[in-house]
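J.: Contents are mmCIF, C-alpha atoms; file name final32.cif:
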data_run
loop_
_atom_site.label_atom_id
_atom_site.label_comp_id
_atom_site.auth_asym_id
_atom_site.auth_seq_id
_atom_site.Cartn_x
_atom_site.Cartn_y
_atom_site.Cartn_z
CA MET A 1 -75.80 -44.43 -115.07
CA GLU A 2 -76.85 -48.04 -114.57
CA PHE A 3 -73.41 -49.23 -115.58
CA SER A 4 -71.81 -47.19 -112.79
CA LEU A 5 -72.48 -50.03 -110.35
CA LEU A 6 -70.78 -52.50 -112.66
CA GLY A 7 -67.86 -50.10 -112.89
CA ALA A 8 -67.67 -49.94 -109.10
CA VAL A 9 -67.67 -53.72 -108.82
CA ALA A 10 -65.00 -53.98 -111.52
CA LEU A 11 -62.77 -51.48 -109.70
CA ALA A 12 -63.15 -53.28 -106.37
CA VAL A 13 -62.50 -56.70 -107.90
CA ALA A 14 -59.49 -55.43 -109.86
CA ALA A 15 -57.99 -53.80 -106.74
CA PHE A 16 -58.60 -56.98 -104.72
CA GLY A 17 -57.20 -59.29 -107.42
CA ALA A 18 -54.13 -57.16 -108.06
CA THR A 19 -53.25 -57.10 -104.36
CA LEU A 20 -53.72 -60.85 -104.04
CA TRP A 21 -51.52 -61.38 -107.11
CA LEU A 22 -48.82 -59.05 -105.76
CA GLU A 23 -48.80 -60.82 -102.40
CA ALA A 24 -48.44 -64.30 -103.92
CA GLY A 25 -44.87 -65.45 -103.43
CA ARG A 26 -44.15 -62.59 -101.05
CA THR A 27 -46.41 -62.71 -98.02
CA ASN A 28 -48.74 -65.40 -99.39
CA PRO A 29 -47.58 -68.76 -100.75
CA VAL A 30 -46.90 -69.17 -104.43
CA GLY A 31 -50.05 -70.39 -106.19
CA SER A 32 -52.40 -69.25 -103.44
CA THR A 33 -54.09 -66.54 -105.51
CA ARG A 34 -56.68 -68.75 -107.14
CA ARG A 35 -57.73 -70.55 -103.97
CA LEU A 36 -57.99 -67.36 -101.95
CA GLY A 37 -59.83 -65.67 -104.81
CA ASP A 38 -62.32 -68.53 -104.95
CA ALA A 39 -62.91 -68.25 -101.21
CA ALA A 40 -63.48 -64.52 -101.48
CA LEU A 41 -65.82 -64.91 -104.48
CA ALA A 42 -67.97 -67.48 -102.68
CA ALA A 43 -68.05 -65.31 -99.54
CA VAL A 44 -69.01 -62.18 -101.47
CA LEU A 45 -71.81 -63.94 -103.39
CA SER A 46 -73.25 -65.32 -100.16
CA GLY A 47 -72.99 -61.91 -98.55
CA LEU A 48 -74.75 -60.23 -101.47
CA LEU A 49 -77.59 -62.74 -101.40
CA ALA A 50 -78.12 -62.54 -97.63
CA GLY A 51 -77.73 -58.75 -97.57
CA ARG A 52 -80.15 -58.27 -100.45
CA LEU A 53 -82.78 -60.55 -98.86
CA ALA A 54 -82.46 -58.72 -95.53
CA ASP A 55 -82.81 -55.35 -97.25
CA MET A 56 -85.93 -56.48 -99.14
CA VAL A 57 -87.59 -57.80 -95.99
CA ALA A 58 -86.75 -54.59 -94.11
CA GLY A 59 -88.22 -52.53 -96.97
CA GLY A 60 -91.48 -54.47 -97.05
CA ASN A 61 -90.68 -56.21 -100.35
CA ASN A 62 -91.52 -59.91 -100.04
CA PRO A 63 -88.80 -62.02 -101.72
CA PHE A 64 -91.17 -65.00 -102.07
CA THR A 65 -93.85 -63.10 -104.01
CA HIS A 66 -91.31 -61.03 -105.97
CA PRO A 67 -88.23 -63.23 -106.40
CA ALA A 68 -87.02 -61.31 -109.44
CA ASP A 69 -86.34 -58.30 -107.21
CA ILE A 70 -83.54 -60.25 -105.51
CA ILE A 71 -81.20 -59.65 -108.41
CA VAL A 72 -81.65 -55.86 -108.30
CA VAL A 73 -78.78 -55.38 -105.88
CA ARG A 74 -78.59 -51.70 -106.83
CA ALA A 75 -81.67 -51.06 -104.73
CA GLY A 76 -79.87 -51.94 -101.51
CA VAL A 77 -77.93 -54.57 -99.61
CA ASP A 78 -78.00 -54.74 -95.83
CA THR A 79 -74.35 -54.31 -94.86
CA GLY A 80 -74.54 -56.09 -91.53
CA PHE A 81 -76.26 -59.24 -92.76
CA ALA A 82 -74.03 -59.30 -95.83
CA ALA A 83 -70.87 -59.14 -93.72
CA LEU A 84 -72.15 -61.85 -91.35
CA ALA A 85 -73.05 -64.20 -94.21
CA ALA A 86 -69.74 -63.61 -95.98
CA LEU A 87 -67.73 -64.29 -92.81
CA ALA A 88 -69.83 -67.36 -92.01
CA LEU A 89 -69.30 -68.84 -95.45
CA LEU A 90 -65.59 -68.10 -95.34
CA ALA A 91 -65.37 -69.77 -91.93
CA LEU A 92 -67.19 -72.83 -93.27
CA TYR A 93 -65.12 -73.17 -96.41
CA ALA A 94 -61.76 -72.48 -94.83
CA ARG A 95 -62.47 -74.24 -91.54
CA HIS A 96 -59.28 -76.34 -91.79
CA ASP A 97 -57.11 -73.21 -91.95
CA LEU A 98 -59.34 -70.29 -91.05
CA TRP A 99 -56.60 -68.06 -89.64
CA GLY A 100 -54.40 -68.66 -92.65
CA ALA A 101 -57.26 -67.78 -95.00
CA LEU A 102 -58.13 -64.62 -93.09
CA ASP A 103 -54.49 -63.51 -93.03
CA GLY A 104 -54.07 -64.31 -96.70
CA LEU A 105 -57.13 -62.30 -97.72
CA ALA A 106 -56.84 -59.40 -95.26
CA PRO A 107 -54.78 -56.75 -97.14
CA ALA A 108 -56.44 -57.57 -100.48
CA ALA A 109 -59.89 -57.26 -98.91
CA LEU A 110 -59.03 -53.81 -97.52
CA VAL A 111 -57.69 -52.66 -100.92
CA GLY A 112 -60.83 -54.02 -102.63
CA LEU A 113 -63.00 -52.11 -100.16
CA ALA A 114 -60.95 -48.99 -100.85
CA GLY A 115 -61.64 -49.44 -104.57
CA TRP A 116 -65.34 -49.73 -103.84
CA HIS A 117 -65.35 -46.51 -101.81
CA LEU A 118 -63.32 -44.66 -104.47
CA SER A 119 -65.88 -45.70 -107.09
CA GLY A 120 -68.30 -43.36 -105.33
CA VAL A 121 -66.54 -40.55 -107.19
CA PHE A 122 -67.92 -41.65 -110.56
CA ARG A 123 -71.18 -42.97 -109.10
CA GLY A 124 -72.04 -39.51 -107.75
CA ALA A 125 -72.13 -40.85 -104.20
CA TRP A 126 -68.93 -39.66 -102.57
CA LEU A 127 -69.91 -36.45 -100.79
CA GLY A 128 -71.13 -36.21 -97.22
CA THR A 129 -72.06 -33.52 -94.76
CA PRO A 130 -71.32 -29.83 -95.51
CA SER A 131 -67.84 -28.63 -94.62
CA GLY A 132 -65.78 -25.46 -94.88
CA LEU A 133 -62.45 -27.28 -95.00
CA PRO A 134 -60.13 -26.32 -97.89
CA TRP A 135 -60.48 -29.71 -99.59
CA ALA A 136 -64.27 -29.84 -99.33
CA VAL A 137 -65.98 -30.34 -102.70
CA ALA A 138 -69.25 -29.01 -104.13
CA GLN A 139 -71.54 -30.89 -106.49
CA PRO A 140 -71.70 -29.51 -110.03
CA GLY A 141 -73.95 -26.46 -110.01
CA SER A 142 -73.95 -26.18 -106.23
CA THR A 143 -72.23 -23.77 -103.84
CA ILE A 144 -72.47 -26.12 -100.84
CA THR A 145 -69.06 -27.69 -100.20
CA ARG A 146 -69.02 -31.12 -98.58
CA HIS A 147 -66.66 -33.70 -97.09
CA PRO A 148 -65.38 -36.12 -99.77
CA VAL A 149 -66.20 -38.84 -97.27
CA GLU A 150 -65.67 -41.82 -99.56
CA VAL A 151 -62.15 -40.60 -100.36
CA TYR A 152 -61.41 -40.39 -96.62
CA ALA A 153 -62.60 -43.99 -96.22
CA ALA A 154 -60.57 -45.22 -99.21
CA LEU A 155 -57.36 -43.56 -98.00
CA ALA A 156 -57.76 -44.95 -94.48
CA LEU A 157 -58.34 -48.46 -95.87
CA LEU A 158 -55.30 -48.21 -98.16
CA LEU A 159 -53.13 -47.13 -95.23
CA GLY A 160 -54.46 -50.04 -93.20
CA ALA A 161 -53.72 -52.46 -96.05
CA LEU A 162 -50.17 -51.17 -96.40
CA ALA A 163 -49.55 -51.52 -92.66
CA LEU A 164 -50.92 -55.07 -92.69
CA HIS A 165 -48.83 -56.01 -95.71
CA LEU A 166 -45.68 -54.80 -93.94
CA ARG A 167 -46.70 -56.66 -90.77
CA LYS A 168 -47.25 -59.89 -92.72
CA ARG A 169 -43.65 -59.80 -93.92
CA ARG A 170 -42.60 -60.33 -90.30
CA THR A 171 -44.71 -63.53 -90.06
CA PRO A 172 -46.93 -62.68 -87.07
CA LEU A 173 -48.94 -65.29 -85.20
CA PRO A 174 -51.72 -66.77 -87.37
CA GLY A 175 -54.92 -64.76 -87.20
CA ILE A 176 -53.38 -61.46 -86.08
CA VAL A 177 -53.46 -59.84 -89.53
CA GLY A 178 -57.02 -61.02 -90.22
CA ALA A 179 -58.28 -59.75 -86.86
CA VAL A 180 -56.62 -56.35 -87.34
CA ALA A 181 -58.12 -56.11 -90.84
CA LEU A 182 -61.58 -56.68 -89.41
CA VAL A 183 -60.99 -53.90 -86.87
CA VAL A 184 -59.72 -51.57 -89.63
CA ALA A 185 -62.58 -52.30 -92.08
CA ALA A 186 -65.31 -51.86 -89.48
CA GLY A 187 -63.51 -48.98 -87.73
CA VAL A 188 -63.15 -46.98 -90.95
CA ARG A 189 -66.87 -47.26 -91.61
CA LEU A 190 -67.69 -46.43 -87.98
CA GLY A 191 -65.36 -43.42 -88.04
CA THR A 192 -66.63 -41.97 -91.32
CA GLU A 193 -70.33 -42.69 -90.78
CA PRO A 194 -71.03 -39.34 -89.01
CA LEU A 195 -69.85 -37.58 -92.17
CA ARG A 196 -72.24 -39.51 -94.42
CA ILE A 197 -75.80 -38.53 -95.26
CA GLY A 198 -78.35 -41.32 -95.01
CA LEU A 199 -82.02 -41.92 -94.51
CA GLY A 200 -83.00 -42.58 -90.91
CA THR A 201 -80.88 -44.47 -88.47
CA GLY A 202 -77.62 -45.73 -89.83
CA PRO A 203 -75.96 -49.12 -89.43
CA GLU A 204 -73.37 -47.81 -86.93
CA TRP A 205 -74.02 -50.54 -84.42
CA TRP A 206 -73.12 -53.17 -87.00
CA TYR A 207 -69.76 -51.48 -87.49
CA ALA A 208 -69.26 -51.19 -83.74
CA ALA A 209 -69.99 -54.92 -83.47
CA GLY A 210 -67.41 -55.56 -86.20
CA VAL A 211 -64.77 -53.61 -84.32
CA ALA A 212 -65.62 -55.47 -81.11
CA LEU A 213 -65.43 -58.84 -82.87
CA GLY A 214 -62.09 -57.95 -84.44
CA LEU A 215 -60.67 -56.81 -81.10
CA ALA A 216 -61.91 -59.98 -79.41
CA LEU A 217 -60.26 -62.13 -82.09
CA LEU A 218 -57.08 -60.10 -81.81
CA GLY A 219 -56.99 -60.51 -78.03
CA TRP A 220 -57.62 -64.22 -78.36
CA ARG A 221 -54.89 -64.71 -80.97
CA LEU A 222 -52.38 -62.63 -79.03
CA THR A 223 -52.80 -64.83 -75.98
CA ARG A 224 -52.08 -67.99 -78.04
CA ARG A 225 -48.52 -69.17 -77.79
CA PRO A 226 -46.85 -70.50 -80.93
CA GLU A 227 -46.97 -74.27 -81.06
CA ALA A 228 -43.74 -76.01 -80.21
CA ALA A 229 -41.78 -77.15 -83.23
CA PRO A 230 -41.71 -80.95 -83.64
CA SER A 231 -38.44 -82.49 -82.57
CA MET B 1 -42.86 -69.66 -96.09
CA PRO B 2 -44.40 -70.42 -92.67
CA PRO B 3 -46.05 -73.82 -92.27
CA GLY B 4 -49.81 -73.95 -92.43
CA TRP B 5 -49.95 -70.78 -94.51
CA PRO B 6 -53.07 -70.25 -96.65
CA GLY B 7 -53.41 -71.81 -100.01
CA ALA B 8 -51.60 -75.04 -99.37
CA THR B 9 -54.23 -76.41 -96.99
CA LEU B 10 -57.30 -74.43 -97.96
CA PRO B 11 -59.96 -76.94 -99.09
CA LEU B 12 -61.22 -74.79 -101.90
CA PRO B 13 -61.14 -76.68 -105.15
CA SER B 14 -62.30 -74.45 -107.96
CA PRO B 15 -64.96 -76.90 -109.20
CA THR B 16 -66.77 -76.46 -105.87
CA VAL B 17 -66.87 -72.73 -106.31
CA ARG B 18 -67.89 -73.12 -109.92
CA ARG B 19 -70.83 -75.28 -108.84
CA TYR B 20 -71.70 -72.67 -106.23
CA LEU B 21 -71.62 -69.92 -108.84
CA ILE B 22 -73.78 -71.90 -111.23
CA ALA B 23 -76.32 -72.55 -108.47
CA VAL B 24 -76.51 -68.84 -107.60
CA LEU B 25 -76.87 -67.82 -111.25
CA ALA B 26 -79.51 -70.49 -111.86
CA LEU B 27 -81.45 -69.22 -108.84
CA ALA B 28 -81.20 -65.67 -110.15
CA PHE B 29 -82.43 -66.59 -113.64
CA LEU B 30 -85.22 -68.77 -112.27
CA SER B 31 -86.26 -65.94 -109.98
CA ALA B 32 -86.25 -63.50 -112.87
CA GLY B 33 -88.53 -65.85 -114.79
CA CYS B 34 -91.11 -66.09 -112.02
CA GLY B 35 -94.17 -63.89 -112.24
CA SER B 36 -94.95 -61.28 -109.62
CA ALA B 37 -98.10 -61.48 -107.57
CA GLY B 38 -100.21 -58.35 -107.85
CA VAL B 39 -101.67 -56.65 -104.81
CA PRO B 40 -105.33 -55.52 -104.91
CA PRO B 41 -105.47 -51.70 -104.98
CA GLU B 42 -108.01 -51.43 -102.15
CA GLY B 43 -107.98 -48.09 -100.39
CA VAL B 44 -105.95 -46.38 -103.09
CA PRO B 45 -108.02 -43.87 -105.08
CA GLU B 46 -107.91 -43.54 -108.86
CA LEU B 47 -104.75 -41.71 -109.90
CA PRO B 48 -105.49 -38.35 -111.54
CA PRO B 49 -104.30 -38.25 -115.16
CA THR B 50 -101.70 -35.66 -116.08
CA ASP B 51 -99.32 -34.64 -118.84
CA TYR B 52 -96.13 -32.61 -119.21
CA PRO B 53 -97.72 -29.09 -119.36
CA ALA B 54 -99.88 -29.82 -116.30
CA LEU B 55 -96.93 -31.15 -114.33
CA SER B 56 -94.77 -28.16 -115.32
CA ALA B 57 -97.47 -25.85 -113.98
CA LEU B 58 -97.60 -27.85 -110.73
CA LEU B 59 -93.81 -27.59 -110.30
CA THR B 60 -93.73 -23.87 -111.06
CA ALA B 61 -96.47 -23.20 -108.54
CA SER B 62 -94.82 -25.26 -105.79
CA ASP B 63 -93.44 -23.25 -102.87
CA ARG B 64 -91.46 -26.26 -101.68
CA PRO B 65 -88.73 -28.31 -103.35
CA VAL B 66 -90.08 -31.34 -105.19
CA VAL B 67 -88.70 -34.85 -105.61
CA LEU B 68 -90.34 -36.24 -108.73
CA ASN B 69 -90.12 -39.99 -109.23
CA VAL B 70 -91.17 -41.45 -112.59
CA TRP B 71 -92.12 -45.10 -112.18
CA ALA B 72 -94.20 -47.99 -113.50
CA SER B 73 -95.62 -51.03 -111.73
CA TRP B 74 -94.04 -53.38 -114.31
CA CYS B 75 -90.57 -51.93 -113.71
CA ILE B 76 -88.56 -54.19 -111.37
CA PRO B 77 -86.01 -51.53 -110.36
CA CYS B 78 -88.92 -49.19 -109.49
CA ARG B 79 -90.17 -51.81 -107.04
CA SER B 80 -86.80 -51.80 -105.34
CA GLU B 81 -86.47 -48.05 -104.93
CA ALA B 82 -90.06 -47.62 -103.68
CA PRO B 83 -89.20 -48.40 -100.02
CA LEU B 84 -86.39 -45.82 -100.21
CA LEU B 85 -88.80 -43.12 -101.36
CA ARG B 86 -91.20 -43.98 -98.54
CA ARG B 87 -88.38 -43.68 -96.00
CA ALA B 88 -87.10 -40.47 -97.56
CA GLN B 89 -90.51 -38.87 -97.34
CA ALA B 90 -90.91 -39.94 -93.72
CA GLU B 91 -87.50 -38.42 -92.93
CA SER B 92 -88.09 -35.18 -94.81
CA GLY B 93 -91.48 -34.35 -93.31
CA ASP B 94 -93.05 -31.27 -94.90
CA ARG B 95 -89.76 -29.73 -96.06
CA VAL B 96 -89.88 -31.54 -99.40
CA ARG B 97 -92.83 -32.52 -101.59
CA PHE B 98 -92.70 -36.04 -103.07
CA VAL B 99 -94.51 -36.58 -106.35
CA GLY B 100 -94.79 -39.88 -108.20
CA VAL B 101 -95.84 -40.27 -111.81
CA ALA B 102 -96.87 -43.72 -113.10
CA VAL B 103 -96.07 -43.89 -116.80
CA ARG B 104 -97.16 -46.34 -119.51
CA ASP B 105 -99.08 -48.32 -116.90
CA ASP B 106 -102.66 -49.26 -116.14
CA GLN B 107 -104.63 -47.84 -113.25
CA ALA B 108 -105.24 -51.08 -111.37
CA ALA B 109 -101.61 -52.19 -111.49
CA ALA B 110 -100.33 -48.73 -110.53
CA ARG B 111 -102.72 -48.52 -107.58
CA GLY B 112 -101.74 -52.03 -106.53
CA PHE B 113 -98.09 -50.95 -106.54
CA ILE B 114 -98.90 -47.97 -104.30
CA ALA B 115 -100.85 -50.21 -101.92
CA GLU B 116 -98.11 -52.82 -101.76
CA PHE B 117 -95.34 -50.40 -100.84
CA GLY B 118 -97.42 -48.11 -98.64
CA LEU B 119 -96.74 -45.11 -100.86
CA THR B 120 -100.14 -43.56 -100.17
CA THR B 121 -98.60 -40.45 -98.58
CA LEU B 122 -96.88 -39.45 -101.85
CA GLU B 123 -98.80 -37.41 -104.44
CA HIS B 124 -99.36 -39.67 -107.42
CA TYR B 125 -100.35 -38.94 -111.00
CA PHE B 126 -101.02 -41.09 -114.01
CA ASP B 127 -99.36 -40.50 -117.38
CA PRO B 128 -100.27 -43.45 -119.65
CA ALA B 129 -98.73 -41.81 -122.73
CA GLY B 130 -95.38 -41.13 -121.04
CA SER B 131 -95.44 -37.44 -121.98
CA ILE B 132 -93.72 -36.35 -118.75
CA PRO B 133 -90.47 -38.30 -119.12
CA ALA B 134 -90.45 -37.36 -122.82
CA GLY B 135 -90.93 -33.68 -121.95
CA LEU B 136 -88.13 -33.85 -119.40
CA GLY B 137 -85.82 -35.54 -121.90
CA ALA B 138 -85.77 -38.89 -120.13
CA VAL B 139 -86.03 -42.34 -121.67
CA GLY B 140 -87.32 -45.42 -119.82
CA VAL B 141 -87.99 -45.79 -116.10
CA PRO B 142 -87.17 -45.11 -113.33
CA HIS B 143 -86.05 -41.50 -113.17
CA THR B 144 -85.84 -39.18 -110.19
CA PHE B 145 -85.84 -35.40 -110.67
CA PHE B 146 -85.03 -32.90 -107.95
CA PHE B 147 -86.65 -29.48 -108.33
CA GLY B 148 -86.15 -26.38 -106.21
CA SER B 149 -89.22 -24.31 -105.30
CA GLY B 150 -90.60 -22.61 -108.40
CA GLY B 151 -89.77 -25.61 -110.55
CA VAL B 152 -86.03 -25.06 -111.03
CA LEU B 153 -84.41 -28.39 -111.99
CA VAL B 154 -81.50 -29.03 -109.63
CA HIS B 155 -80.58 -32.63 -110.41
CA HIS B 156 -81.73 -35.54 -112.54
CA HIS B 157 -80.90 -39.13 -111.60
CA ALA B 158 -81.48 -41.64 -114.38
CA GLY B 159 -82.08 -45.25 -113.36
CA VAL B 160 -82.43 -46.76 -109.90
CA ILE B 161 -81.41 -44.37 -107.19
CA ASP B 162 -79.63 -45.66 -104.10
CA GLU B 163 -79.91 -44.43 -100.55
CA GLY B 164 -76.73 -42.35 -100.54
CA ALA B 165 -77.55 -40.45 -103.72
CA LEU B 166 -81.18 -39.87 -102.70
CA ALA B 167 -80.25 -38.61 -99.24
CA LEU B 168 -77.53 -36.34 -100.65
CA GLN B 169 -79.82 -34.73 -103.23
CA ILE B 170 -82.60 -34.19 -100.67
CA ASP B 171 -80.10 -32.58 -98.31
CA GLU B 172 -78.89 -30.39 -101.18
CA LEU B 173 -82.47 -29.31 -101.97
CA ALA B 174 -83.25 -28.55 -98.35
CA ARG B 175 -80.08 -26.50 -97.86
CA ARG B 176 -80.56 -24.54 -101.09
CA GLU B 177 -83.96 -23.47 -99.83
CA GLY B 178 -82.29 -22.30 -96.62
#
Let me see the structure of the file written as structure tokens.

T.:
Amino acid sequence: MEFSLLGAVALAVAAFGATLWLEAGRTNPVGSTRRLGDAALAAVLSGLLAGRLADMVAGGNNPFTHPADIIVVRAGVDTGFAALAALALLALYARHDLWGALDGLAPAALVGLAGWHLSGVFRGAWLGTPSGLPWAVAQPGSTITRHPVEVYAALALLLGALALHLRKRRTPLPGIVGAVALVVAAGVRLGTEPLRIGLGTGPEWWYAAGVALGLALLGWRLTRRPEAAPS
Amino acid sequence: MPPGWPGATLPLPSPTVRRYLIAVLALAFLSAGCGSAGVPPEGVPELPPTDYPALSALLTASDRPVVLNVWASWCIPCRSEAPLLRRAQAESGDRVRFVGVAVRDDQAAARGFIAEFGLTTLEHYFDPAGSIPAGLGAVGVPHTFFFGSGGVLVHHHAGVIDEGALALQIDELARREG
């Protein structure tokens, strides 16, 4: 059971890496895979650290008196703080070409997220609220059928990634693909959250903030005119 | 390829990221090597000792579903799931009974753990010999068992439980009871 989290991480990383590799030489420059992968790795590690610290503090577990607990990421990572830290680190690292980095990573990030959600199937964490729909699924030994909510999320993210990949082939203005990906990633979580079962108040407002940020970036980038070509 | 596309201009030399990774891993290993500060168990009464037959009788006699968490104060993952259990109990109210069993532990450390995480509203028992996890066929800690009323085992989660799995199993218990 403990290795199920490692399996989930492996699936997400493999999905992300495969997409990045497939896009190299097509919609991303040849040889970009390693640099973009490094950027994503650094961003994810920062996000994990910040999200884990935030979750510990919120749960009353002092990270200064119990620093070893920081590495037990299985116990919880605050999604909002993790996303903020990851985006901040990516912005810092790729500050000379932020839009290019966001566009380069966008479809792969959505596919990686889809892999993470799909991993809920073997982690025993993929079912949500009860449902009578024909595709609803019951836990082993139960008669209560439920929404396979993590499959919904994964399919929506994969569709978003495909749409963004196709859009990238038409060389949109820099930043458009990255901004739309942010809207899709946060919007999918916001849209599926009512079907999930959690403890207490959920992190919906973080997802709403993500959608708003993505839309603001999109609006900003759409109003930018392409720079004139040098004569 | 459009000019200014990612990769060509991204200032991300791999050695930088490697240094970053090494720093994070070093921090993690150093953290793991640090000792934990115990919390005095003031206000937490002595935990009543129990064993597998006594706990089985308690579960059979229960008219409510029971979430049974097997933990130890020396178990790092148990420390991390403790806040989840506190939240779950607050959410569930009286619909579900939460029982904790400290295994292979000592009284002072176990009571300190309860005080630190504010788990005083859970029912706690003390099983220094570890007969309860052995009787339930579990090895190590933590474990979380979900019993329907009358002591029917509905689900067993081995290892650290996360919020989604805990919430789902509690919802399942509550709905089974109607």

J.: What residues in chain A lie within 6 Å of chain B, counting all atoms listed in the file, written as a list in words?

T.: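 My answer is Ser32, Arg35, Gly59, Thr65, His66, Pro67, Ala68, Ala75, Ala94, Gly100, Ala101, Ala125, Ile197 and Gly198 of chain A.
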
J.: Between CA of Ala154 (chain A) and CA of Leu118 (chain A), what is the spacing in Å?

T.: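 Distance reported for this atom pair: 6.0 Å.
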
J.: Kindly give the distance, in Å, that separates CA of Phe113 (chain B) and CA of Glu42 (chain B), rounded to a single decimal.

T.: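 Between CA of Phe113 (chain B) and CA of Glu42 (chain B) the gap works out to 10.9 Å.
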
J.: Could you tell me which of A:Gly104, A:Asp69, A:Leu190, A:Arg74 comes closest to Gly31 (chain A) if we count only C-alpha atoms?

T.: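 The shortest atom-to-atom distance to Gly31 (chain A) comes from A:Gly104.
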
J.: Which residues are near Gly17 (chain A)? Cut-off 10 Å, only C-alpha atoms, ignore same chain within fewer than 5 positions. Put them as a ChimeraX atom specification.

T.: /A:11-12,22-23,33-34,36-37,108-109,111-112

J.: Hey, what comes out of the PyMOL selection byres ((chain B and resi 115) around 10) on this file? Could you write it as a short mmCIF file (atom, residue, chain, number, x, y, z; two decimals) with C-alpha atoms, in the coordinates of the input?

T.:
data_model
loop_
_atom_site.label_atom_id
_atom_site.label_comp_id
_atom_site.auth_asym_id
_atom_site.auth_seq_id
_atom_site.Cartn_x
_atom_site.Cartn_y
_atom_site.Cartn_z
CA VAL B 39 -101.67 -56.65 -104.81
CA PRO B 40 -105.33 -55.52 -104.91
CA PRO B 41 -105.47 -51.70 -104.98
CA GLU B 42 -108.01 -51.43 -102.15
CA GLY B 43 -107.98 -48.09 -100.39
CA VAL B 44 -105.95 -46.38 -103.09
CA ALA B 109 -101.61 -52.19 -111.49
CA ALA B 110 -100.33 -48.73 -110.53
CA ARG B 111 -102.72 -48.52 -107.58
CA GLY B 112 -101.74 -52.03 -106.53
CA PHE B 113 -98.09 -50.95 -106.54
CA ILE B 114 -98.90 -47.97 -104.30
CA GLU B 116 -98.11 -52.82 -101.76
CA PHE B 117 -95.34 -50.40 -100.84
CA GLY B 118 -97.42 -48.11 -98.64
CA LEU B 119 -96.74 -45.11 -100.86
CA THR B 120 -100.14 -43.56 -100.17
#

J.: Which residues are close to Leu84 (chain A), i.e. within 10 Å by all atoms listed in the file, leaving aside same-chain residues fewer than 2 positions away? Reply as a list in words.

T.: Ala43, Ser46, Gly47, Ala50, Gly51, Thr79, Gly80, Phe81, Ala82, Ala86, Leu87, Ala88, Leu89, Leu90, Trp206 and Gly210 of chain A

J.: If we count all atoms listed in the file and set the cut-off at 10 Å, which residues sit around Arg189 (chain A), ignoring sequence neighbours fewer than 2 positions away in its own chain? Please answer as a PDB file with C-alpha atoms, in the coordinates of the input.

T.:
ATOM      1  CA  GLU A 150     -65.670 -41.820 -99.560  1.00  0.00           C
ATOM      2  CA  ALA A 153     -62.600 -43.990 -96.220  1.00  0.00           C
ATOM      3  CA  ALA A 156     -57.760 -44.950 -94.480  1.00  0.00           C
ATOM      4  CA  LEU A 157     -58.340 -48.460 -95.870  1.00  0.00           C
ATOM      5  CA  VAL A 184     -59.720 -51.570 -89.630  1.00  0.00           C
ATOM      6  CA  ALA A 185     -62.580 -52.300 -92.080  1.00  0.00           C
ATOM      7  CA  ALA A 186     -65.310 -51.860 -89.480  1.00  0.00           C
ATOM      8  CA  GLY A 187     -63.510 -48.980 -87.730  1.00  0.00           C
ATOM      9  CA  GLY A 191     -65.360 -43.420 -88.040  1.00  0.00           C
ATOM     10  CA  THR A 192     -66.630 -41.970 -91.320  1.00  0.00           C
ATOM     11  CA  GLU A 193     -70.330 -42.690 -90.780  1.00  0.00           C
ATOM     12  CA  PRO A 194     -71.030 -39.340 -89.010  1.00  0.00           C
ATOM     13  CA  ARG A 196     -72.240 -39.510 -94.420  1.00  0.00           C
ATOM     14  CA  PRO A 203     -75.960 -49.120 -89.430  1.00  0.00           C
ATOM     15  CA  GLU A 204     -73.370 -47.810 -86.930  1.00  0.00           C
ATOM     16  CA  TRP A 206     -73.120 -53.170 -87.000  1.00  0.00           C
ATOM     17  CA  TYR A 207     -69.760 -51.480 -87.490  1.00  0.00           C
ATOM     18  CA  ALA A 208     -69.260 -51.190 -83.740  1.00  0.00           C
ATOM     19  CA  GLY A 210     -67.410 -55.560 -86.200  1.00  0.00           C
ATOM     20  CA  VAL A 211     -64.770 -53.610 -84.320  1.00  0.00           C
TER      21      VAL A 211
END

J.: Starting from the displayed file, determine the output of the PyMOL selection byres ((chain B and resi 146) around 7) and express the residue list as an MDAnalysis selection string.

T.: chainID B and resid 66:68 144:145 147:148 153:156

J.: For a quick check of understanding, using only C-alpha atoms, which of B:Gly135, B:Gly178, B:Tyr125, B:His143 has the smallest distance to Cys75 (chain B)?

T.: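 The shortest atom-to-atom distance to Cys75 (chain B) comes from B:His143.
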
J.: So the first atom is CA of Val101 (chain B) and the second is CA of Val70 (chain B); what is the distance between them in Å, to one decimal place?

T.: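 Going from CA of Val101 (chain B) over to CA of Val70 (chain B), I get 4.9 Å.
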